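What follows is protein_26.txt (compact mmCIF, C-alpha atoms).
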# COMPACT_ATOMS: atom_id res chain seq x y z
CA MET A 30 0.00 0.00 0.00
CA ARG A 31 2.84 2.40 0.78
CA LEU A 32 4.35 1.67 -2.63
CA LEU A 33 1.02 2.37 -4.37
CA GLU A 34 0.67 5.63 -2.45
CA SER A 35 4.23 6.62 -3.31
CA VAL A 36 3.78 5.86 -7.02
CA ALA A 37 0.54 7.86 -7.00
CA ASP A 38 2.52 10.89 -5.79
CA HIS A 39 4.71 10.79 -8.93
CA GLU A 40 2.67 11.76 -11.98
CA HIS A 41 5.67 11.24 -14.26
CA GLY A 42 6.76 7.96 -12.70
CA ALA A 43 9.53 7.01 -10.28
CA PRO A 44 12.34 4.42 -10.24
CA ALA A 45 12.45 1.52 -7.78
CA LYS A 46 15.31 2.97 -5.72
CA GLN A 47 13.43 6.21 -5.11
CA LEU A 48 10.24 4.35 -4.17
CA ALA A 49 12.16 2.09 -1.78
CA ARG A 50 13.72 5.11 -0.11
CA GLU A 51 10.41 6.95 0.21
CA THR A 52 8.59 3.96 1.71
CA GLY A 53 11.42 2.84 3.97
CA LEU A 54 11.58 -0.60 2.34
CA ALA A 55 14.73 -2.58 1.65
CA LEU A 56 15.52 -2.45 -2.06
CA PRO A 57 15.15 -6.23 -2.64
CA THR A 58 11.75 -6.13 -0.90
CA ALA A 59 10.67 -3.14 -2.95
CA TYR A 60 11.74 -4.85 -6.19
CA HIS A 61 9.79 -7.98 -5.26
CA LEU A 62 6.62 -6.05 -4.37
CA LEU A 63 6.87 -3.81 -7.43
CA ARG A 64 7.17 -6.85 -9.72
CA THR A 65 4.11 -8.37 -8.04
CA LEU A 66 2.11 -5.16 -8.42
CA VAL A 67 3.08 -4.92 -12.09
CA HIS A 68 2.10 -8.56 -12.64
CA GLU A 69 -1.30 -7.96 -11.03
CA GLY A 70 -1.88 -4.79 -13.06
CA TYR A 71 -1.78 -2.33 -10.16
CA LEU A 72 1.40 -0.76 -11.57
CA ARG A 73 2.98 -0.56 -14.99
CA ARG A 74 6.66 -0.15 -15.77
CA ASP A 75 8.01 1.99 -18.60
CA LYS A 76 11.71 2.68 -19.18
CA GLY A 77 12.59 1.85 -15.59
CA LEU A 78 9.86 4.05 -14.08
CA PHE A 79 6.73 2.86 -12.30
CA PHE A 80 3.24 4.29 -12.86
CA LEU A 81 -0.22 3.38 -11.58
CA GLY A 82 -1.78 0.63 -13.66
CA GLU A 83 -5.31 -0.04 -14.83
CA ALA A 84 -6.17 -2.22 -11.81
CA ALA A 85 -5.31 0.61 -9.44
CA GLU A 86 -7.45 3.03 -11.44
CA ARG A 87 -10.38 0.59 -11.33
CA LEU A 88 -10.24 0.66 -7.53
CA SER A 89 -12.11 3.97 -7.58
CA SER A 90 -15.03 2.55 -9.58
CA SER A 91 -18.35 1.96 -7.85
CA GLY A 92 -18.22 -1.77 -8.57
CA ALA A 93 -14.83 -2.08 -6.92
CA GLN A 94 -16.05 -0.05 -3.94
CA GLN A 95 -18.96 -2.42 -3.46
CA LYS A 96 -16.64 -5.42 -3.70
CA ARG A 97 -14.36 -3.92 -1.04
CA ARG A 98 -17.30 -3.21 1.25
CA SER A 99 -18.51 -6.79 0.80
CA ALA A 100 -15.06 -8.16 1.64
CA VAL A 101 -15.00 -6.24 4.94
CA ALA A 102 -18.62 -7.14 5.77
CA ASP A 103 -17.95 -10.82 5.10
CA ALA A 104 -14.89 -10.76 7.36
CA LEU A 105 -16.83 -9.07 10.16
CA ALA A 106 -19.67 -11.61 9.88
CA HIS A 107 -17.19 -14.49 10.06
CA TRP A 108 -15.52 -13.07 13.16
CA ARG A 109 -18.89 -12.26 14.71
CA ASP A 110 -19.91 -15.91 14.44
CA SER A 111 -16.57 -17.48 15.37
CA ILE A 112 -16.00 -15.26 18.43
CA GLY A 113 -19.65 -14.76 19.37
CA VAL A 114 -19.64 -10.97 19.71
CA PRO A 115 -20.83 -7.97 17.68
CA VAL A 116 -18.00 -6.62 15.50
CA TYR A 117 -17.63 -3.02 14.33
CA TYR A 118 -15.41 -1.41 11.68
CA ALA A 119 -14.75 2.33 11.75
CA MET A 120 -12.40 4.89 10.18
CA TYR A 121 -11.21 8.41 10.94
CA ARG A 122 -11.78 10.21 7.65
CA GLU A 123 -11.62 13.95 6.94
CA GLY A 124 -11.78 14.74 10.63
CA GLU A 125 -14.79 12.55 11.36
CA ILE A 126 -15.36 9.23 13.10
CA GLU A 127 -17.25 7.04 10.65
CA VAL A 128 -18.66 3.64 11.62
CA MET A 129 -18.52 1.89 8.26
CA CYS A 130 -19.96 -1.52 9.13
CA VAL A 131 -21.52 -3.34 12.08
CA SER A 132 -22.14 -7.08 12.23
CA ASP A 133 -24.33 -8.44 15.00
CA THR A 134 -27.09 -10.98 15.69
CA PRO A 135 -30.31 -10.91 17.73
CA GLY A 136 -28.53 -12.98 20.36
CA ASN A 137 -25.49 -10.68 20.39
CA PRO A 138 -26.83 -7.23 19.49
CA ALA A 139 -24.67 -4.19 18.81
CA VAL A 140 -24.65 -1.19 21.13
CA GLU A 141 -27.54 1.14 20.42
CA GLU A 142 -26.25 4.50 19.13
CA TRP A 143 -28.18 6.55 21.65
CA ALA A 144 -25.67 9.42 21.45
CA ASP A 145 -24.10 10.34 18.09
CA PHE A 146 -20.90 8.31 17.63
CA ARG A 147 -19.24 11.21 15.77
CA GLU A 148 -19.84 13.66 18.59
CA THR A 149 -18.96 11.29 21.45
CA GLY A 150 -15.64 9.84 20.28
CA HIS A 151 -14.13 10.64 23.66
CA ALA A 152 -16.58 8.24 25.34
CA HIS A 153 -16.36 5.03 23.33
CA ALA A 154 -13.54 2.64 22.52
CA ILE A 155 -13.87 3.18 18.77
CA GLY A 156 -13.39 6.94 19.06
CA GLN A 157 -10.56 6.72 21.56
CA CYS A 158 -8.77 4.16 19.39
CA LEU A 159 -9.05 6.35 16.28
CA LEU A 160 -8.02 9.54 18.08
CA ALA A 161 -4.99 7.72 19.51
CA GLN A 162 -3.79 7.05 15.93
CA VAL A 163 -3.88 10.66 14.71
CA ASP A 164 -1.48 13.43 15.67
CA GLU A 165 -2.01 15.94 18.46
CA ALA A 166 -3.17 18.70 16.12
CA ALA A 167 -5.88 16.46 14.70
CA ARG A 168 -6.98 15.46 18.21
CA ARG A 169 -7.27 19.05 19.36
CA ASP A 170 -9.14 20.00 16.19
CA HIS A 171 -11.58 17.17 16.84
CA LEU A 172 -12.12 18.19 20.46
CA GLU A 173 -12.71 21.81 19.47
CA ARG A 174 -15.57 20.65 17.29
CA TYR A 175 -16.79 17.93 19.65
CA PRO A 176 -15.88 18.90 23.22
CA VAL A 177 -15.71 16.26 25.95
CA GLN A 178 -18.98 15.92 27.79
CA PRO A 179 -19.77 13.22 30.37
CA ILE A 180 -22.59 11.00 29.14
CA THR A 181 -22.36 8.33 31.86
CA PRO A 182 -20.81 8.43 35.36
CA TYR A 183 -17.77 6.65 33.90
CA THR A 184 -17.04 8.97 30.97
CA VAL A 185 -13.76 10.89 30.93
CA ARG A 186 -14.45 14.31 32.45
CA ASP A 187 -12.47 16.83 30.41
CA ASP A 188 -10.24 17.37 27.34
CA HIS A 189 -7.02 17.44 29.37
CA THR A 190 -7.69 14.04 30.96
CA LEU A 191 -8.60 12.52 27.60
CA LEU A 192 -5.48 13.88 25.87
CA ARG A 193 -3.27 12.49 28.65
CA ARG A 194 -4.93 9.09 28.25
CA LEU A 195 -4.40 9.12 24.48
CA ASP A 196 -0.74 10.13 24.89
CA ARG A 197 -0.15 7.13 27.17
CA MET A 198 -1.55 4.64 24.69
CA ARG A 199 1.15 2.61 22.97
CA ARG A 200 1.05 2.04 19.23
CA MET A 201 -1.22 -0.88 18.28
CA GLU A 202 -2.42 -1.22 21.89
CA LEU A 203 -5.95 -2.47 22.57
CA VAL A 204 -8.32 0.21 23.81
CA ILE A 205 -10.68 -0.95 26.55
CA GLU A 206 -13.74 1.06 27.60
CA ARG A 207 -16.10 0.11 30.42
CA GLN A 208 -19.52 1.78 30.49
CA GLU A 209 -18.13 5.15 29.34
CA TYR A 210 -20.53 5.35 26.39
CA ALA A 211 -23.42 3.12 27.46
CA LEU A 212 -24.25 1.81 30.92
CA GLY A 213 -24.19 -1.96 31.03
CA THR A 214 -21.76 -2.29 28.10
CA VAL A 215 -18.00 -2.85 27.82
CA CYS A 216 -16.04 -2.46 24.59
CA ALA A 217 -12.60 -3.10 23.13
CA ALA A 218 -11.11 -1.58 19.96
CA ILE A 219 -8.13 -2.76 17.94
CA PRO A 220 -6.10 -0.14 16.06
CA ILE A 221 -5.49 -0.75 12.36
CA THR A 222 -3.13 1.48 10.41
CA VAL A 223 -2.91 0.90 6.66
CA GLY A 224 -0.79 3.53 4.95
CA THR A 225 -2.09 6.85 6.24
CA THR A 226 -5.52 5.45 7.10
CA ALA A 227 -6.55 5.30 10.77
CA ALA A 228 -9.09 2.53 11.28
CA THR A 229 -10.29 0.17 13.97
CA MET A 230 -12.27 -2.98 14.50
CA ALA A 231 -14.06 -3.30 17.79
CA ILE A 232 -16.29 -5.56 19.86
CA SER A 233 -18.83 -5.02 22.63
CA LEU A 234 -20.29 -7.16 25.40
CA PRO A 235 -22.79 -6.73 28.20
CA SER A 236 -20.99 -5.69 31.36
CA HIS A 237 -21.93 -8.94 33.12
CA GLN A 238 -19.74 -10.70 30.50
CA ALA A 239 -16.80 -8.33 31.04
CA ASP A 240 -14.52 -11.26 31.87
CA ARG A 241 -14.83 -12.35 28.20
CA LEU A 242 -13.82 -8.98 26.76
CA LEU A 243 -10.05 -9.22 26.75
CA VAL A 244 -9.97 -12.83 25.53
CA ALA A 245 -12.40 -12.07 22.70
CA ALA A 246 -10.48 -8.92 21.73
CA ARG A 247 -7.18 -10.82 21.61
CA GLN A 248 -8.82 -13.45 19.42
CA LEU A 249 -10.10 -10.80 17.01
CA GLN A 250 -6.70 -9.09 16.99
CA SER A 251 -5.07 -12.38 16.02
CA GLU A 252 -7.62 -12.95 13.25
CA ILE A 253 -7.08 -9.44 11.88
CA GLY A 254 -3.33 -9.99 11.88
CA ARG A 255 -3.71 -13.14 9.79
CA HIS A 256 -6.05 -11.57 7.23
CA LEU A 257 -4.98 -7.93 7.11
CA GLY A 258 -2.98 -8.38 3.91
CA SER A 259 -6.02 -9.52 1.95
CA LEU A 260 -8.17 -6.73 3.44
CA ALA A 261 -5.62 -3.91 3.22
CA ILE A 262 -6.91 -2.34 0.02
CA SER A 263 -10.54 -2.74 1.16
CA ILE A 264 -9.76 -0.95 4.42
CA SER A 265 -7.62 1.85 3.10
CA ILE A 266 -9.80 3.27 0.35
Let me see the structure of the file written as structure tokens.
Amino acid sequence: MRLLESVADHEHGAPAKQLARETGLALPTAYHLLRTLVHEGYLRRDKGLFFLGEAAERLSSSGAQQKRRSAVADALAHWRDSIGVPVYYAMYREGEIEVMCVSDTPGNPAVEEWADFRETGHAHAIGQCLLAQVDEAARRDHLERYPVQPITPYTVRDDHTLLRRLDRMRRMELVIERQEYALGTVCAAIPITVGTTAATMAISLPSHQADRLLVAARQLQSEIGRHLGSLAISISI
């Protein structure tokens, strides 16, 4: 994905060495990936320079968008059934928290969005996980538009406390939230960074099943790790 993004930045093409340097990849790795991308039609090579290919251009078509959405929805449904929890997929896009897909069942229902997810990112695991992946300027911009406001007795109380919490979060660390957004519900969110895209997949459980939360989240994290390569393009666009 980083190679595709780098090639897209060069309208007149770029050589392999430059692309390897820009993406931080070892040159042999870059050569191998570039050859694969050319073979699959995502790139084309002309006189030693790499350009976006027809397959990459088709990614922006509506048919391809639907296929990518279906791939993510199918993955969420599989994990929902295998782990036995509702599964959510969300992104931070153009300054907004967007829940892209939710997969649940009558026996394991998703959390009811009783307070707008976009406006209450400080209170739920999805929002905290996404805000932890963006830089400080983006966080402060978000909080200026959507100030912290307690919505349950467990919600973080002010911007300063939230920012300190986000600063302490380690990269790729699970985000756990207990009844901060909805009383009687606990949630966990798993950070996913593909290229420059901040995304997350999350789960929720009734608070009386809180002892299952960490185990289920670790299981989902492992599943995501095994399948992220095949979902990377679906997630990042």
Kindly indicate which residue among A:Pro138, A:Gly42, A:Pro176, A:Gly156 lies nearest to Asp75 in chain A, using all atoms listed in the file for the distances.
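Among the listed residues, the smallest separation from Asp75 in chain A belongs to A:Gly42.
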Neighbouring residues of Gln178 in chain A were defined as those with any atom within 9 Å, considering only C-alpha atoms; residues of the same chain fewer than 5 positions away were excluded. Please report them as a PDB file with C-alpha atoms, in the frame of the given file.
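Everything below was put into part_39.pdb:
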ATOM      1  CA  THR A 149     -18.960  11.290  21.450  1.00  0.00           C
ATOM      2  CA  HIS A 151     -14.130  10.640  23.660  1.00  0.00           C
ATOM      3  CA  ALA A 152     -16.580   8.240  25.340  1.00  0.00           C
ATOM      4  CA  THR A 184     -17.040   8.970  30.970  1.00  0.00           C
ATOM      5  CA  VAL A 185     -13.760  10.890  30.930  1.00  0.00           C
ATOM      6  CA  ARG A 186     -14.450  14.310  32.450  1.00  0.00           C
ATOM      7  CA  ASP A 187     -12.470  16.830  30.410  1.00  0.00           C
ATOM      8  CA  ASP A 188     -10.240  17.370  27.340  1.00  0.00           C
TER       9      ASP A 188
END
Kindly indicate which residue among A:Glu86, A:Arg194, A:Met129, A:Pro179 lies nearest to Val101 in chain A, using all atoms listed in the file for the distances.
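Looking only at the distances to Val101 in chain A, the closest residue turns out to be A:Met129.
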When distances are computed from only C-alpha atoms, which of A:His189, A:His153, A:Arg122, A:Arg73 shows the smallest separation from Ala167 in chain A?
A:Arg122
Polymer residues at most 7 Å from Asp133 in chain A, only C-alpha atoms, same-chain spacing of 2 or more positions, as a PyMOL selection string
chain A and resi 109+115-116+131+137-139
At a cut-off of 9 Å, using only C-alpha atoms, what residues contact Leu56 in chain A? Leave out same-chain residues fewer than 6 positions from it and give the result as a PDB file with C-alpha atoms, keeping the file's coordinate frame.
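For reference, around15.pdb as written:
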ATOM      1  CA  ALA A  45      12.450   1.520  -7.780  1.00  0.00           C
ATOM      2  CA  LYS A  46      15.310   2.970  -5.720  1.00  0.00           C
ATOM      3  CA  LEU A  48      10.240   4.350  -4.170  1.00  0.00           C
ATOM      4  CA  ALA A  49      12.160   2.090  -1.780  1.00  0.00           C
ATOM      5  CA  ARG A  50      13.720   5.110  -0.110  1.00  0.00           C
TER       6      ARG A  50
END
Interatomic distance (Å, one decimal) between CA of Gln250 in chain A and CA of Thr222 in chain A
13.0 Å
Using only C-alpha atoms: which of A:Leu203, A:Leu81, A:Leu62, A:Cys158 has the shortest distance to Glu40 in chain A:
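Among A:Leu203, A:Leu81, A:Leu62, A:Cys158, it is A:Leu81 that comes nearest to Glu40 in chain A.
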Let me make sure I understand: among A:Val163, A:Ala119, A:Ile126, A:Ala144, which one has the smallest atom-to-atom distance to Asp196 in chain A if we use only C-alpha atoms?
A:Val163
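When all atoms listed in the file are used to measure the gap to Glu209 in chain A, the shortest distance among A:Pro182, A:Gly53, A:Pro235, A:Gly224 belongs to A:Pro182.
Distance-wise, CA of Val223 in chain A and CA of Ala239 in chain A end up 29.5 Å apart.
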Do you have the CA of His171 in chain A-CA of Met30 in chain A distance handy?
26.7 Å
Once 4 Å is added on each side, what centre and edge lengths in Å to one decimal does the axis-aligned box around all listed atoms of range 150-160 of chain A have, as JSON?
{"center_x": -12.3, "center_y": 6.6, "center_z": 20.8, "size_x": 16.6, "size_y": 16.0, "size_z": 17.1}
